[in-house]
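Engineer: This is the content of model.cif (mmCIF, C-alpha atoms):
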data_data
loop_
_atom_site.label_atom_id
_atom_site.label_comp_id
_atom_site.auth_asym_id
_atom_site.auth_seq_id
_atom_site.Cartn_x
_atom_site.Cartn_y
_atom_site.Cartn_z
CA GLY A 1301 30.42 -3.57 -36.46
CA LEU A 1302 30.32 -3.98 -32.72
CA ASN A 1303 28.88 -1.31 -30.50
CA TYR A 1304 29.29 -1.24 -26.74
CA ILE A 1305 27.02 0.34 -24.20
CA PRO A 1306 28.48 0.54 -20.69
CA TRP A 1307 26.13 -0.35 -17.85
CA LYS A 1308 27.27 -0.71 -14.27
CA LEU A 1309 24.42 -3.17 -13.64
CA ASP A 1310 22.52 -0.68 -11.54
CA GLU A 1311 19.36 1.36 -11.41
CA LYS A 1312 19.34 5.11 -11.25
CA ALA A 1313 19.64 6.42 -7.69
CA HIS A 1314 19.02 9.80 -6.14
CA TYR A 1315 21.80 11.62 -4.33
CA LEU A 1316 21.92 13.84 -1.30
CA PRO A 1317 22.47 17.54 -1.99
CA GLY A 1318 26.19 18.24 -2.03
CA ALA A 1319 27.14 14.59 -2.59
CA TRP A 1320 30.27 14.11 -4.65
CA MET A 1321 29.60 12.09 -7.81
CA ASN A 1322 31.47 11.12 -10.96
CA GLU A 1323 31.14 8.56 -13.75
CA GLU A 1324 32.07 5.81 -11.30
CA THR A 1325 29.31 6.69 -8.83
CA ARG A 1326 27.04 3.72 -8.53
CA GLY A 1327 23.28 3.56 -8.29
CA ILE A 1328 21.26 0.69 -6.84
CA PRO A 1329 22.72 -2.67 -7.94
CA VAL A 1330 20.17 -4.80 -9.77
CA LEU A 1331 19.27 -8.28 -8.63
CA SER A 1332 20.44 -11.27 -10.60
CA GLY A 1333 17.95 -12.45 -13.21
CA THR A 1334 17.01 -12.01 -16.84
CA TYR A 1335 16.25 -8.50 -18.07
CA ASN A 1336 14.81 -7.17 -21.31
CA VAL A 1337 17.07 -4.50 -22.78
CA GLN A 1338 15.70 -2.11 -25.35
CA SER A 1339 17.92 0.13 -27.50
CA ARG A 1340 16.72 2.98 -29.72
CA TYR A 1341 18.74 4.65 -32.39
CA LYS A 1342 17.45 6.86 -35.19
CA GLY A 1343 13.95 5.43 -34.94
CA VAL A 1344 15.10 1.81 -34.87
CA VAL A 1345 14.27 -0.23 -31.76
CA ALA A 1346 16.14 -3.41 -30.89
CA THR A 1347 15.28 -5.66 -27.95
CA THR A 1348 17.30 -8.44 -26.41
CA LYS A 1349 17.55 -10.31 -23.13
CA VAL A 1350 20.48 -9.99 -20.75
CA LYS A 1351 21.13 -12.48 -17.96
CA ILE A 1352 22.69 -11.00 -14.84
CA ILE A 1353 24.44 -13.50 -12.60
CA ASP A 1354 25.77 -13.06 -9.08
CA ASP A 1355 29.43 -12.22 -8.69
CA PRO A 1356 31.12 -15.59 -8.09
CA ARG A 1357 33.68 -13.97 -5.76
CA PHE A 1358 30.98 -13.37 -3.14
CA GLU A 1359 28.67 -15.93 -1.59
CA ILE A 1360 25.67 -13.83 -0.63
CA PRO A 1361 22.38 -15.73 -0.34
CA GLN A 1362 19.65 -14.57 -2.73
CA SER A 1363 17.36 -13.74 0.21
CA VAL A 1364 19.99 -11.31 1.54
CA GLU A 1365 20.43 -9.75 -1.91
CA VAL A 1366 16.67 -9.17 -2.13
CA GLU A 1367 16.52 -7.71 1.40
CA LEU A 1368 19.41 -5.33 0.65
CA TYR A 1369 17.87 -4.33 -2.69
CA HIS A 1370 14.59 -3.37 -0.98
CA PHE A 1371 16.52 -1.54 1.76
CA ARG A 1372 18.35 0.49 -0.91
CA LYS A 1373 15.11 1.24 -2.77
CA GLU A 1374 13.39 2.44 0.42
CA LEU A 1375 16.42 4.51 1.34
CA ASP A 1376 16.55 5.95 -2.18
CA ALA A 1377 12.94 7.12 -1.86
CA LEU A 1378 13.87 8.95 1.37
CA VAL A 1379 16.91 10.54 -0.27
CA LYS A 1380 14.71 11.72 -3.15
CA ARG A 1381 12.19 13.28 -0.73
CA PHE A 1382 14.91 15.06 1.22
CA ALA A 1383 16.65 16.30 -1.93
CA GLU A 1384 13.39 17.72 -3.30
CA VAL A 1385 12.65 19.62 -0.07
CA TYR A 1386 16.22 20.88 0.24
CA GLU A 1387 16.44 21.99 -3.39
CA SER A 1388 13.11 23.82 -3.11
CA LEU A 1389 14.58 25.72 -0.14
CA THR A 1390 17.61 26.63 -2.25
CA ILE A 1391 15.30 28.09 -4.91
CA LEU A 1392 13.32 30.02 -2.28
CA GLU A 1393 16.53 31.32 -0.75
CA GLU A 1394 17.44 32.86 -4.11
CA GLN A 1395 13.95 34.32 -4.50
CA TYR A 1396 14.09 35.94 -1.04
CA ALA A 1397 17.64 37.24 -1.43
CA GLU A 1398 16.33 40.82 -1.16
CA ASP A 1399 14.43 40.10 2.06
CA PRO A 1400 16.97 39.43 4.85
CA VAL A 1401 14.35 38.17 7.35
CA LYS A 1402 12.86 35.59 4.99
CA GLU A 1403 16.26 34.64 3.65
CA ALA A 1404 17.50 34.00 7.22
CA LYS A 1405 14.49 31.78 7.94
CA ILE A 1406 15.16 29.76 4.78
CA LYS A 1407 18.84 29.40 5.70
CA ALA A 1408 17.81 28.22 9.18
CA LEU A 1409 15.57 25.58 7.58
CA LYS A 1410 18.40 24.42 5.36
CA LEU A 1411 20.75 24.19 8.32
CA ALA A 1412 18.14 22.17 10.26
CA GLY A 1413 18.13 19.66 7.40
CA ARG A 1414 21.83 19.49 6.79
CA ASP A 1415 24.50 19.21 9.47
CA ARG A 1416 26.69 22.00 8.12
CA PRO A 1417 26.29 25.09 5.94
CA VAL A 1418 27.31 24.53 2.33
CA ASP A 1419 28.97 27.94 2.06
CA ARG A 1420 31.77 26.98 4.43
CA GLN A 1421 35.16 25.60 3.55
CA VAL A 1422 35.51 21.84 3.90
CA GLY A 1423 36.81 21.03 7.36
CA ALA A 1424 35.95 24.48 8.65
CA TRP A 1425 32.65 23.28 10.08
CA GLN A 1426 32.03 20.10 12.00
CA SER A 1427 28.90 18.99 13.73
CA ASN A 1428 27.61 15.89 15.45
CA LYS A 1429 24.06 17.14 15.09
CA GLN A 1430 21.60 14.53 13.83
CA THR A 1431 19.85 15.90 10.75
CA PRO A 1432 17.98 14.18 7.93
CA HIS A 1433 21.06 14.68 5.74
CA SER A 1434 23.50 13.16 8.24
CA VAL A 1435 21.21 10.23 9.08
CA LEU A 1436 20.58 9.44 5.41
CA SER A 1437 24.28 9.78 4.63
CA GLY A 1438 25.12 7.22 7.31
CA LEU A 1439 22.48 4.82 6.03
CA LEU A 1440 23.77 5.16 2.47
CA LYS A 1441 27.18 4.04 3.69
CA VAL A 1442 25.60 1.02 5.37
CA ALA A 1443 23.68 0.20 2.19
CA MET A 1444 26.79 0.31 0.02
CA ALA A 1445 28.89 -1.87 2.31
CA ARG A 1446 26.35 -4.43 3.51
CA THR A 1447 26.79 -8.10 2.51
CA LYS A 1448 24.93 -9.73 5.39
CA PRO A 1449 21.27 -9.57 6.47
CA LEU A 1450 20.19 -6.28 7.98
CA SER A 1451 20.38 -6.08 11.75
CA GLU A 1452 17.45 -4.89 13.83
CA GLN A 1453 19.46 -1.76 14.60
CA GLU A 1454 19.79 -0.92 10.89
CA LYS A 1455 16.07 -1.47 10.37
CA MET A 1456 15.39 0.87 13.31
CA ARG A 1457 17.78 3.46 11.84
CA LEU A 1458 15.77 3.42 8.59
CA LYS A 1459 12.53 3.81 10.52
CA ASP A 1460 14.04 6.67 12.55
CA ALA A 1461 15.27 8.34 9.35
CA THR A 1462 11.76 8.12 7.92
CA GLN A 1463 10.31 9.78 11.04
CA GLN A 1464 13.01 12.44 11.17
CA LEU A 1465 12.45 13.30 7.50
CA ALA A 1466 8.68 13.55 8.04
CA GLN A 1467 9.28 15.94 10.99
CA TYR A 1468 11.64 18.01 8.85
CA GLU A 1469 9.08 18.19 6.02
CA GLU A 1470 6.41 19.32 8.52
CA MET A 1471 8.74 21.97 9.95
CA VAL A 1472 9.55 23.28 6.47
CA ALA A 1473 5.87 23.35 5.47
CA ALA A 1474 4.86 25.20 8.67
CA THR A 1475 7.65 27.76 8.30
CA LEU A 1476 6.92 28.38 4.62
CA GLU A 1477 3.22 28.75 5.38
CA ALA A 1478 4.08 31.43 7.93
CA LEU A 1479 6.24 33.35 5.41
#
Turn this file's structure into structure tokens for me.
Structural biologist:
Amino acid sequence: GLNYIPWKLDEKAHYLPGAWMNEETRGIPVLSGTYNVQSRYKGVVATTKVKIIDDPRFEIPQSVEVELYHFRKELDALVKRFAEVYESLTILEEQYAEDPVKEAKIKALKLAGRDRPVDRQVGAWQSNKQTPHSVLSGLLKVAMARTKPLSEQEKMRLKDATQQLAQYEEMVAATLEAL
């Protein structure tokens, strides 16, 4: 018989803490080309080739596709770094739940990384503060919608996000060392 395996033609992506996701959430779109696909079932391995072609509805030059792919991959690495730091703070917050001073310091670190507390009702908290979370969120929106070459401003935003994340990681490390 025929068996179908759904694939949205994407690579796995990392998500910001608190990001809304479902089955339709997309990862990093793969570039056109020929890929080896390997399936395993009950000890049996089958391999075949799949050719991915560009969507004929869009005329995006291959050089732009490659540039956007690398932009998404670099951005994904930053999102992964931020998510790991933020999730480690969430674990520490639970560990220090009995120590109000340490718990408050952890909450302050989390708030420095994310533009709003997660324990507030949606719409009940708004901030224009630039945090690693807000900067990365904005860049993810650019990455999803982009069909033209990256502008110098977008390249600078990625560089700034990298620096801001590094500063946040240093701040977290220094604060945790002091605990």
Engineer: Where does the PyMOL selection byres ((chain A and resi 1449) around 8) land in this file, that is, which residues does it pick, as a ChimeraX atom specification?
Structural biologist: /A:1364,1367-1368,1446-1448,1450-1451
Engineer: Output C-alpha atoms for every residue in the selection just made, as a compact mmCIF listing (two decimals), keeping the file's coordinate frame.
Structural biologist:
# COMPACT_ATOMS: atom_id res chain seq x y z
CA VAL A 1364 19.99 -11.31 1.54
CA GLU A 1367 16.52 -7.71 1.40
CA LEU A 1368 19.41 -5.33 0.65
CA ARG A 1446 26.35 -4.43 3.51
CA THR A 1447 26.79 -8.10 2.51
CA LYS A 1448 24.93 -9.73 5.39
CA LEU A 1450 20.19 -6.28 7.98
CA SER A 1451 20.38 -6.08 11.75
Engineer: Counting all atoms listed in the file, which of A:Val1379, A:Val1385, A:Leu1439, A:Met1456 gets nearest to Tyr1468 of chain A?
Structural biologist: A:Val1385
Engineer: Scan for residues within 12 Å of the point (13.1, 8.9, 11.9) in the coordinates of the file, using only C-alpha atoms, and reply as a compact mmCIF listing (two decimals) with C-alpha atoms, in the frame of the given file.
Structural biologist:
# COMPACT_ATOMS: atom_id res chain seq x y z
CA LEU A 1375 16.42 4.51 1.34
CA LEU A 1378 13.87 8.95 1.37
CA GLN A 1430 21.60 14.53 13.83
CA THR A 1431 19.85 15.90 10.75
CA PRO A 1432 17.98 14.18 7.93
CA HIS A 1433 21.06 14.68 5.74
CA SER A 1434 23.50 13.16 8.24
CA VAL A 1435 21.21 10.23 9.08
CA LEU A 1436 20.58 9.44 5.41
CA LEU A 1439 22.48 4.82 6.03
CA GLU A 1454 19.79 -0.92 10.89
CA LYS A 1455 16.07 -1.47 10.37
CA MET A 1456 15.39 0.87 13.31
CA ARG A 1457 17.78 3.46 11.84
CA LEU A 1458 15.77 3.42 8.59
CA LYS A 1459 12.53 3.81 10.52
CA ASP A 1460 14.04 6.67 12.55
CA ALA A 1461 15.27 8.34 9.35
CA THR A 1462 11.76 8.12 7.92
CA GLN A 1463 10.31 9.78 11.04
CA GLN A 1464 13.01 12.44 11.17
CA LEU A 1465 12.45 13.30 7.50
CA ALA A 1466 8.68 13.55 8.04
CA GLN A 1467 9.28 15.94 10.99
CA TYR A 1468 11.64 18.01 8.85
CA GLU A 1469 9.08 18.19 6.02
Engineer: What is the atom CA of Ala1412 of chain A to atom CA of Met1444 of chain A distance in Å?
Structural biologist: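 Separating atom CA of Ala1412 of chain A from atom CA of Met1444 of chain A is a distance of 25.6 Å.
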Engineer: Just the residues within 6 Å of Val1337 of chain A, please, counting all atoms listed in the file, with nothing from its chain fewer than 5 positions along; format it as a ChimeraX atom specification.
Structural biologist: /A:1347-1349
Engineer: Just the residues within 10 Å of Tyr1386 of chain A, please, counting only C-alpha atoms, with nothing from its chain fewer than 2 positions along; format it as a list in words.
Structural biologist: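 Using only C-alpha atoms, the neighbours found are Leu1316, Pro1317, Lys1380, Arg1381, Phe1382, Ala1383, Glu1384, Ser1388, Leu1389, Thr1390, Ile1391, Leu1392, Leu1409, Lys1410, Leu1411, Gly1413, Arg1414, His1433, Glu1469 and Val1472 of chain A.
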Engineer: Do you know which residues are at most 9 Å from Ile1352 of chain A counting only C-alpha atoms, after dropping those on the same chain fewer than 5 positions away, and could you put them as a list of chain:residue names?
Structural biologist: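 So the residues in contact are A:Leu1309, A:Val1330, A:Leu1331, A:Ser1332, A:Gly1333, A:Thr1334, A:Tyr1335.
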Engineer: Select all residues near (14.6, 33.1, -1.1) (cut-off 8 Å, inclusive, file coordinates), counting only C-alpha atoms, and output them as a list in words.
Structural biologist: Leu1389, Thr1390, Ile1391, Leu1392, Glu1393, Glu1394, Gln1395, Tyr1396, Ala1397, Glu1398, Asp1399, Lys1402, Glu1403 and Ile1406 of chain A
Engineer: Will you model all heavy atoms for segment 1391-1402 of chain A and pass it back as a PDB file, in the coordinates of the input?
Structural biologist:
ATOM      1  N   ILE A1391      15.971  27.205  -3.952  1.00  0.00           N
ATOM      2  CA  ILE A1391      15.300  28.090  -4.910  1.00  0.00           C
ATOM      3  C   ILE A1391      14.638  29.256  -4.172  1.00  0.00           C
ATOM      4  O   ILE A1391      14.753  30.418  -4.596  1.00  0.00           O
ATOM      5  CB  ILE A1391      14.270  27.292  -5.745  1.00  0.00           C
ATOM      6  CG1 ILE A1391      15.004  26.308  -6.661  1.00  0.00           C
ATOM      7  CG2 ILE A1391      13.378  28.221  -6.556  1.00  0.00           C
ATOM      8  CD1 ILE A1391      14.123  25.260  -7.298  1.00  0.00           C
ATOM      9  N   LEU A1392      13.965  28.959  -3.061  1.00  0.00           N
ATOM     10  CA  LEU A1392      13.320  30.020  -2.280  1.00  0.00           C
ATOM     11  C   LEU A1392      14.347  30.988  -1.697  1.00  0.00           C
ATOM     12  O   LEU A1392      14.094  32.194  -1.630  1.00  0.00           O
ATOM     13  CB  LEU A1392      12.490  29.415  -1.155  1.00  0.00           C
ATOM     14  CG  LEU A1392      11.165  28.793  -1.562  1.00  0.00           C
ATOM     15  CD1 LEU A1392      10.511  28.119  -0.366  1.00  0.00           C
ATOM     16  CD2 LEU A1392      10.236  29.843  -2.147  1.00  0.00           C
ATOM     17  N   GLU A1393      15.480  30.467  -1.295  1.00  0.00           N
ATOM     18  CA  GLU A1393      16.530  31.320  -0.750  1.00  0.00           C
ATOM     19  C   GLU A1393      16.966  32.359  -1.791  1.00  0.00           C
ATOM     20  O   GLU A1393      17.175  33.531  -1.465  1.00  0.00           O
ATOM     21  CB  GLU A1393      17.717  30.461  -0.316  1.00  0.00           C
ATOM     22  CG  GLU A1393      18.825  31.225   0.350  1.00  0.00           C
ATOM     23  CD  GLU A1393      19.976  30.327   0.785  1.00  0.00           C
ATOM     24  OE1 GLU A1393      20.095  29.194   0.277  1.00  0.00           O
ATOM     25  OE2 GLU A1393      20.757  30.779   1.619  1.00  0.00           O
ATOM     26  N   GLU A1394      17.072  31.931  -3.029  1.00  0.00           N
ATOM     27  CA  GLU A1394      17.440  32.860  -4.110  1.00  0.00           C
ATOM     28  C   GLU A1394      16.325  33.868  -4.356  1.00  0.00           C
ATOM     29  O   GLU A1394      16.587  35.045  -4.608  1.00  0.00           O
ATOM     30  CB  GLU A1394      17.753  32.075  -5.382  1.00  0.00           C
ATOM     31  CG  GLU A1394      19.011  31.239  -5.287  1.00  0.00           C
ATOM     32  CD  GLU A1394      19.178  30.279  -6.459  1.00  0.00           C
ATOM     33  OE1 GLU A1394      18.389  30.338  -7.425  1.00  0.00           O
ATOM     34  OE2 GLU A1394      20.112  29.457  -6.391  1.00  0.00           O
ATOM     35  N   GLN A1395      15.081  33.421  -4.276  1.00  0.00           N
ATOM     36  CA  GLN A1395      13.950  34.320  -4.500  1.00  0.00           C
ATOM     37  C   GLN A1395      13.859  35.388  -3.403  1.00  0.00           C
ATOM     38  O   GLN A1395      13.468  36.522  -3.659  1.00  0.00           O
ATOM     39  CB  GLN A1395      12.633  33.543  -4.545  1.00  0.00           C
ATOM     40  CG  GLN A1395      12.452  32.715  -5.786  1.00  0.00           C
ATOM     41  CD  GLN A1395      11.162  31.891  -5.745  1.00  0.00           C
ATOM     42  OE1 GLN A1395      10.449  31.872  -4.757  1.00  0.00           O
ATOM     43  NE2 GLN A1395      10.885  31.210  -6.833  1.00  0.00           N
ATOM     44  N   TYR A1396      14.189  35.018  -2.165  1.00  0.00           N
ATOM     45  CA  TYR A1396      14.090  35.940  -1.040  1.00  0.00           C
ATOM     46  C   TYR A1396      15.415  36.620  -0.724  1.00  0.00           C
ATOM     47  O   TYR A1396      15.599  37.135   0.376  1.00  0.00           O
ATOM     48  CB  TYR A1396      13.586  35.207   0.206  1.00  0.00           C
ATOM     49  CG  TYR A1396      12.148  34.724   0.103  1.00  0.00           C
ATOM     50  CD1 TYR A1396      11.799  33.445   0.494  1.00  0.00           C
ATOM     51  CD2 TYR A1396      11.144  35.551  -0.377  1.00  0.00           C
ATOM     52  CE1 TYR A1396      10.485  32.991   0.410  1.00  0.00           C
ATOM     53  CE2 TYR A1396       9.838  35.120  -0.469  1.00  0.00           C
ATOM     54  CZ  TYR A1396       9.515  33.833  -0.069  1.00  0.00           C
ATOM     55  OH  TYR A1396       8.217  33.406  -0.155  1.00  0.00           O
ATOM     56  N   ALA A1397      16.322  36.645  -1.658  1.00  0.00           N
ATOM     57  CA  ALA A1397      17.640  37.240  -1.430  1.00  0.00           C
ATOM     58  C   ALA A1397      17.555  38.719  -1.039  1.00  0.00           C
ATOM     59  O   ALA A1397      18.418  39.233  -0.331  1.00  0.00           O
ATOM     60  CB  ALA A1397      18.522  37.070  -2.662  1.00  0.00           C
ATOM     61  N   GLU A1398      16.508  39.397  -1.464  1.00  0.00           N
ATOM     62  CA  GLU A1398      16.330  40.820  -1.160  1.00  0.00           C
ATOM     63  C   GLU A1398      15.646  41.050   0.176  1.00  0.00           C
ATOM     64  O   GLU A1398      15.563  42.185   0.634  1.00  0.00           O
ATOM     65  CB  GLU A1398      15.533  41.502  -2.281  1.00  0.00           C
ATOM     66  CG  GLU A1398      16.175  41.393  -3.656  1.00  0.00           C
ATOM     67  CD  GLU A1398      17.540  42.061  -3.722  1.00  0.00           C
ATOM     68  OE1 GLU A1398      17.709  43.147  -3.150  1.00  0.00           O
ATOM     69  OE2 GLU A1398      18.446  41.465  -4.342  1.00  0.00           O
ATOM     70  N   ASP A1399      15.132  39.985   0.784  1.00  0.00           N
ATOM     71  CA  ASP A1399      14.430  40.100   2.060  1.00  0.00           C
ATOM     72  C   ASP A1399      15.239  39.360   3.122  1.00  0.00           C
ATOM     73  O   ASP A1399      15.154  38.138   3.248  1.00  0.00           O
ATOM     74  CB  ASP A1399      13.027  39.497   1.946  1.00  0.00           C
ATOM     75  CG  ASP A1399      12.181  39.716   3.194  1.00  0.00           C
ATOM     76  OD1 ASP A1399      12.748  39.921   4.284  1.00  0.00           O
ATOM     77  OD2 ASP A1399      10.947  39.661   3.063  1.00  0.00           O
ATOM     78  N   PRO A1400      16.062  40.085   3.907  1.00  0.00           N
ATOM     79  CA  PRO A1400      16.970  39.430   4.850  1.00  0.00           C
ATOM     80  C   PRO A1400      16.264  38.565   5.900  1.00  0.00           C
ATOM     81  O   PRO A1400      16.794  37.547   6.325  1.00  0.00           O
ATOM     82  CB  PRO A1400      17.727  40.573   5.509  1.00  0.00           C
ATOM     83  CG  PRO A1400      17.193  41.838   4.968  1.00  0.00           C
ATOM     84  CD  PRO A1400      16.194  41.541   3.926  1.00  0.00           C
ATOM     85  N   VAL A1401      15.065  38.944   6.321  1.00  0.00           N
ATOM     86  CA  VAL A1401      14.350  38.170   7.350  1.00  0.00           C
ATOM     87  C   VAL A1401      13.921  36.823   6.775  1.00  0.00           C
ATOM     88  O   VAL A1401      14.154  35.766   7.384  1.00  0.00           O
ATOM     89  CB  VAL A1401      13.132  38.959   7.879  1.00  0.00           C
ATOM     90  CG1 VAL A1401      12.302  38.102   8.820  1.00  0.00           C
ATOM     91  CG2 VAL A1401      13.588  40.233   8.572  1.00  0.00           C
ATOM     92  N   LYS A1402      13.304  36.850   5.614  1.00  0.00           N
ATOM     93  CA  LYS A1402      12.860  35.590   4.990  1.00  0.00           C
ATOM     94  C   LYS A1402      14.046  34.736   4.575  1.00  0.00           C
ATOM     95  O   LYS A1402      14.023  33.520   4.742  1.00  0.00           O
ATOM     96  CB  LYS A1402      11.958  35.886   3.786  1.00  0.00           C
ATOM     97  CG  LYS A1402      10.602  36.432   4.170  1.00  0.00           C
ATOM     98  CD  LYS A1402       9.729  36.666   2.962  1.00  0.00           C
ATOM     99  CE  LYS A1402       8.366  37.214   3.381  1.00  0.00           C
ATOM    100  NZ  LYS A1402       7.505  37.460   2.218  1.00  0.00           N
TER     101      LYS A1402
END
